[in-house]
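A.B. asks: My questions all concern the structure below.
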Protein chains: 2
Amino acid sequence: MHHAPEVLKKEGHKLTPQRLMIWHILQAGRHLSAEDIHQEIEKKFPGIDLTTVYRTLELLVRLELVQESRFPVGPHQYEATDKLGHSHIICRKCGRVHHFDVADLLAAANRICENQDFSCADVELNISSVCNDCLKKDRS
Amino acid sequence: MHHAPEVLKKEGHKLTPQRLMIWHILQAGRHLSAEDIHQEIEKKFPGIDLTTVYRTLELLVRLELVQESRFPVGPHQYEATDKLGHSHIICRKCGRVHHFDVADLLAAANRICENQDFSCADVELNISSVCNDCLKKDRS
DNA sequence: CTCTGTGCAAAAATTTTGCATTTTG
DNA sequence: CAAAATGCAAAATTTTTGCACAGAG
């Protein structure tokens, strides 16, 4: 779904080149930091401000077009909501992020949400552990 | 398990009053920030530095006596490893944290860890969503 | 033409580092 | 006494805010 432009317009927000570029980059990548996005844009269109990236991400999160996550290491990560359908497993040491399908876990997570009086829409499930690479390095 | 003092000693670290107080507070509470712990100590023993709290938490995390988590809102949260046996469900808006038993989810999470070449020990499973209170507020 | 969005600069919030002094074992 | 830990000050990192100017509708 590439529907951010329509949603922005419908909600009375302007379609600036900055916003379109940020959205475009979010379509390509998963779990990007504001800094990642900023650098990516700078390659082709130098001059965009990091502040603008933060403000745009905040707007997109508010409109539920983007989801923000905090992983055990590193800065906040952003990804387009339509990229979700998966969850993260993050190494607490090196920060490497893997994905897994939520199929089976999601049902259980939804049950938990109901029990705890949380909304079941857009549940995010993050597992953190230590990847075996880091475990090996620790031993040496 | 109140074993931090023994582990510290065994690993050649000193048992300072600051460390003991921090550990003591971690025994009582769940998901505390460095600032929370600092303020708690200041009530009875003014003068401890926030830096010391951070350094001690880092040490305890390194010794796997404490686990650090980042939730969707707010600063890093710390809790004693022996308090774990549960996972978190966090509201992305207000940051309220609930707990749930991992019994059933843990088996699934462990399977995922193995598939992804992560260690299954001390897996942390965090669900983030929006609590129904915040959902109601949004509507008004 | 108006109002929203941007860039720049500065601040805020959180965490980390350097170094002189104190404390533990 | 020697090594390690603390406090203080300063820096680093990440994110947020204020304001004048520019650009979208």
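Within each chain, counting starts at residue 1; across the structure tokens, chains are named A, B, ... in the order shown, with ligands numbered 1 upward in that order.
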Any chance you could list, as a list in words, the residues in chain B that come up strand (DSSP E) when DSSP is run on the backbone?

C.D. replies: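 Filtering chain B down to strand (DSSP E) leaves Val66, Gln67, Glu68, Ser69, Gln77, Tyr78, Glu79, Ala80, His86, Ser87, His88, Ile89, Ile90, Cys91, Val97, His98, His99, Phe100, Asp101, Glu124, Leu125, Asn126, Ile127, Ser128 and Ser129 of chain B.
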
A.B. asks: Would you export the selected residues with N, CA, C and O atoms as a tab-separated table (two decimals), in the first residue's frame, please?

C.D. replies:
chain	number	residue	atom	x	y	z
B	66	VAL	N	20.92	-8.25	35.93
B	66	VAL	CA	19.87	-7.27	35.65
B	66	VAL	C	19.64	-7.26	34.15
B	66	VAL	O	20.56	-7.52	33.38
B	67	GLN	N	18.41	-7.00	33.77
B	67	GLN	CA	18.13	-6.89	32.35
B	67	GLN	C	17.66	-5.48	32.01
B	67	GLN	O	16.87	-4.89	32.74
B	68	GLU	N	18.17	-4.98	30.92
B	68	GLU	CA	17.78	-3.65	30.46
B	68	GLU	C	16.78	-3.79	29.32
B	68	GLU	O	16.97	-4.60	28.42
B	69	SER	N	15.73	-2.99	29.37
B	69	SER	CA	14.75	-2.99	28.28
B	69	SER	C	14.47	-1.57	27.84
B	69	SER	O	14.54	-0.64	28.63
B	77	GLN	N	14.70	0.86	30.98
B	77	GLN	CA	14.13	0.29	32.20
B	77	GLN	C	14.98	-0.90	32.62
B	77	GLN	O	15.48	-1.65	31.79
B	78	TYR	N	15.11	-1.05	33.92
B	78	TYR	CA	15.96	-2.12	34.45
B	78	TYR	C	15.17	-2.97	35.43
B	78	TYR	O	14.35	-2.46	36.19
B	79	GLU	N	15.45	-4.27	35.39
B	79	GLU	CA	14.91	-5.11	36.45
B	79	GLU	C	15.80	-6.31	36.68
B	79	GLU	O	16.50	-6.75	35.77
B	80	ALA	N	15.76	-6.79	37.92
B	80	ALA	CA	16.60	-7.93	38.28
B	80	ALA	C	16.18	-9.14	37.46
B	80	ALA	O	15.00	-9.40	37.26
B	86	HIS	N	8.43	-13.35	33.28
B	86	HIS	CA	7.22	-12.69	32.80
B	86	HIS	C	7.67	-11.82	31.63
B	86	HIS	O	8.86	-11.61	31.43
B	87	SER	N	6.75	-11.31	30.91
B	87	SER	CA	7.13	-10.37	29.86
B	87	SER	C	6.25	-9.14	29.93
B	87	SER	O	5.36	-9.06	30.77
B	88	HIS	N	6.52	-8.20	29.08
B	88	HIS	CA	5.86	-6.91	29.19
B	88	HIS	C	4.87	-6.66	28.08
B	88	HIS	O	5.09	-7.06	26.94
B	89	ILE	N	3.82	-5.95	28.42
B	89	ILE	CA	2.97	-5.40	27.38
B	89	ILE	C	2.87	-3.92	27.70
B	89	ILE	O	2.55	-3.53	28.81
B	90	ILE	N	3.25	-3.10	26.71
B	90	ILE	CA	3.47	-1.68	26.97
B	90	ILE	C	2.58	-0.83	26.06
B	90	ILE	O	2.52	-1.07	24.86
B	91	CYS	N	1.97	0.16	26.66
B	91	CYS	CA	1.17	1.07	25.83
B	91	CYS	C	2.08	2.06	25.12
B	91	CYS	O	2.88	2.73	25.76
B	97	VAL	N	2.93	-0.11	31.74
B	97	VAL	CA	3.47	-1.45	31.55
B	97	VAL	C	2.65	-2.47	32.31
B	97	VAL	O	2.40	-2.29	33.50
B	98	HIS	N	2.22	-3.49	31.63
B	98	HIS	CA	1.56	-4.62	32.29
B	98	HIS	C	2.47	-5.84	32.15
B	98	HIS	O	3.40	-5.83	31.35
B	99	HIS	N	2.16	-6.84	32.91
B	99	HIS	CA	2.94	-8.07	32.80
B	99	HIS	C	2.05	-9.20	32.36
B	99	HIS	O	0.85	-9.17	32.58
B	100	PHE	N	2.63	-10.20	31.77
B	100	PHE	CA	1.86	-11.40	31.48
B	100	PHE	C	2.77	-12.60	31.63
B	100	PHE	O	3.99	-12.49	31.55
B	101	ASP	N	2.15	-13.74	31.83
B	101	ASP	CA	2.95	-14.94	31.97
B	101	ASP	C	3.33	-15.46	30.60
B	101	ASP	O	2.54	-15.43	29.67
B	124	GLU	N	13.59	-12.20	26.14
B	124	GLU	CA	12.60	-11.22	26.58
B	124	GLU	C	11.62	-11.01	25.46
B	124	GLU	O	11.99	-10.84	24.31
B	125	LEU	N	10.36	-10.99	25.83
B	125	LEU	CA	9.30	-10.88	24.84
B	125	LEU	C	8.47	-9.66	25.17
B	125	LEU	O	7.85	-9.59	26.23
B	126	ASN	N	8.48	-8.68	24.30
B	126	ASN	CA	7.71	-7.48	24.56
B	126	ASN	C	6.65	-7.27	23.50
B	126	ASN	O	6.94	-7.32	22.31
B	127	ILE	N	5.47	-7.01	23.97
B	127	ILE	CA	4.38	-6.69	23.06
B	127	ILE	C	4.11	-5.21	23.20
B	127	ILE	O	4.04	-4.70	24.31
B	128	SER	N	3.97	-4.52	22.11
B	128	SER	CA	3.52	-3.15	22.28
B	128	SER	C	2.27	-2.91	21.47
B	128	SER	O	2.09	-3.45	20.39
B	129	SER	N	1.42	-2.12	22.05
B	129	SER	CA	0.11	-1.86	21.48
B	129	SER	C	-0.37	-0.56	22.11
B	129	SER	O	0.42	0.19	22.65

A.B. asks: Using only C-alpha atoms (C1' of nucleotides), which residues of chain B come within 10 Å of chain D, and what is the closest atom pair for each, with the distance in Å to one decimal? Give it as a tab-separated table, sorted by chain and residue number.

C.D. replies:
residue	atom	partner	partner_atom	distance
B:Gly12	CA	D:DA4	C1'	9.5
B:His13	CA	D:DA4	C1'	7.7
B:Lys14	CA	D:DA4	C1'	7.3
B:Leu15	CA	D:DA5	C1'	9.6
B:Thr16	CA	D:DA5	C1'	7.9
B:Gln18	CA	D:DT6	C1'	9.0
B:Arg19	CA	D:DA5	C1'	9.9
B:Gly47	CA	D:DG7	C1'	8.7
B:Ile48	CA	D:DG7	C1'	7.9
B:Asp49	CA	D:DG7	C1'	6.4
B:Leu50	CA	D:DG7	C1'	9.4
B:Thr51	CA	D:DG7	C1'	8.3
B:Thr52	CA	D:DT6	C1'	6.9
B:Arg55	CA	D:DA5	C1'	9.7
B:Thr56	CA	D:DA5	C1'	9.8

A.B. asks: Could you pull out the alpha helix (DSSP H) residues of chain A from DSSP and send them as a ChimeraX atom specification?

C.D. replies: /A:4-10,17-28,34-44,50-62,103-115,132-139

A.B. asks: For chain B, work out the contacting residues on chain C at 12 Å, counting only C-alpha atoms (C1' of nucleotides), and write them as an MDAnalysis selection string.

C.D. replies: chainID C and resid 13:17 22:25

A.B. asks: For the atom pair atom CA of B:His24 and atom CA of B:Cys120, what is the interatomic distance in Å to one decimal place?

C.D. replies: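 Pair atom CA of B:His24 / atom CA of B:Cys120 returns 27.7 Å.
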
A.B. asks: Return the single residue from A:Leu65, A:Cys94, A:Val7, A:Val73 that is closest to chain B, with distances computed using only C-alpha atoms.

C.D. replies: A:Val73

A.B. asks: Counting only C-alpha atoms, figure out which residue out of B:Pro46, B:Pro5, B:Pro72, B:Pro17 gets nearest to chain A.

C.D. replies: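 Looking only at the distances to chain A, the closest residue turns out to be B:Pro72.
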
A.B. asks: Rounded to one decimal, what separation in Å do you get between atom CA of A:His3 and atom CA of A:Asn110?

C.D. replies: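 According to the coordinates, atom CA of A:His3 and atom CA of A:Asn110 are separated by 26.3 Å.
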
A.B. asks: Name all residues at most 8 Å from B:Ala109 (count only C-alpha atoms (C1' of nucleotides); drop same-chain ones fewer than 2 positions away) and give them as number ranges by chain.

C.D. replies: A: 127; B: 105-107, 111-113, 123, 125

A.B. asks: Keeping only N, CA and C atoms, write the selected residues as a PDB file, in the first residue's frame.

C.D. replies:
ATOM      1  N   ILE A 127      11.070  -9.815  20.402  1.00  0.00           N
ATOM      2  CA  ILE A 127      11.821 -10.731  21.253  1.00  0.00           C
ATOM      3  C   ILE A 127      13.238 -10.210  21.327  1.00  0.00           C
TER       4      ILE A 127
ATOM      5  N   LEU B 105       3.689 -18.621  25.437  1.00  0.00           N
ATOM      6  CA  LEU B 105       4.432 -17.896  24.414  1.00  0.00           C
ATOM      7  C   LEU B 105       5.900 -18.285  24.409  1.00  0.00           C
ATOM      8  N   LEU B 106       6.398 -18.608  25.583  1.00  0.00           N
ATOM      9  CA  LEU B 106       7.823 -18.860  25.684  1.00  0.00           C
ATOM     10  C   LEU B 106       8.263 -20.023  24.809  1.00  0.00           C
ATOM     11  N   ALA B 107       7.458 -21.041  24.782  1.00  0.00           N
ATOM     12  CA  ALA B 107       7.807 -22.195  23.957  1.00  0.00           C
ATOM     13  C   ALA B 107       7.937 -21.763  22.505  1.00  0.00           C
ATOM     14  N   ARG B 111      11.357 -21.560  20.082  1.00  0.00           N
ATOM     15  CA  ARG B 111      11.449 -22.163  18.744  1.00  0.00           C
ATOM     16  C   ARG B 111      11.997 -21.146  17.759  1.00  0.00           C
ATOM     17  N   ILE B 112      11.451 -19.940  17.839  1.00  0.00           N
ATOM     18  CA  ILE B 112      11.894 -18.882  16.927  1.00  0.00           C
ATOM     19  C   ILE B 112      13.371 -18.577  17.126  1.00  0.00           C
ATOM     20  N   CYS B 113      13.785 -18.504  18.386  1.00  0.00           N
ATOM     21  CA  CYS B 113      15.194 -18.236  18.657  1.00  0.00           C
ATOM     22  C   CYS B 113      16.086 -19.259  17.993  1.00  0.00           C
ATOM     23  N   VAL B 123      15.369 -15.039  27.169  1.00  0.00           N
ATOM     24  CA  VAL B 123      14.610 -14.376  26.110  1.00  0.00           C
ATOM     25  C   VAL B 123      13.668 -13.352  26.721  1.00  0.00           C
ATOM     26  N   LEU B 125      10.358 -10.986  25.826  1.00  0.00           N
ATOM     27  CA  LEU B 125       9.304 -10.883  24.842  1.00  0.00           C
ATOM     28  C   LEU B 125       8.468  -9.664  25.167  1.00  0.00           C
TER      29      LEU B 125
END

A.B. asks: When distances are computed from only C-alpha atoms, which of B:Val61, B:Val130, B:Ile41, B:Val53 shows the smallest separation from chain A?

C.D. replies: B:Val130

A.B. asks: Which distance in Å separates atom CA of B:Gln27 and atom CA of B:Phe71, to one decimal?

C.D. replies: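 Between atom CA of B:Gln27 and atom CA of B:Phe71 the gap is 20.2 Å.
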
A.B. asks: Looking at A:Leu20, A:Arg96, A:Lys136, A:Arg70, which one is nearest to chain B, with distances taken over only C-alpha atoms?

C.D. replies: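 Once distances to chain B are computed over only C-alpha atoms, the minimum belongs to A:Arg70.
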
A.B. asks: Pick from A:Leu32, A:Lys93, A:Leu8, A:Leu60: nearest to chain B, with only C-alpha atoms counted?

C.D. replies: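 Among the listed residues, the smallest separation from chain B belongs to A:Lys93.
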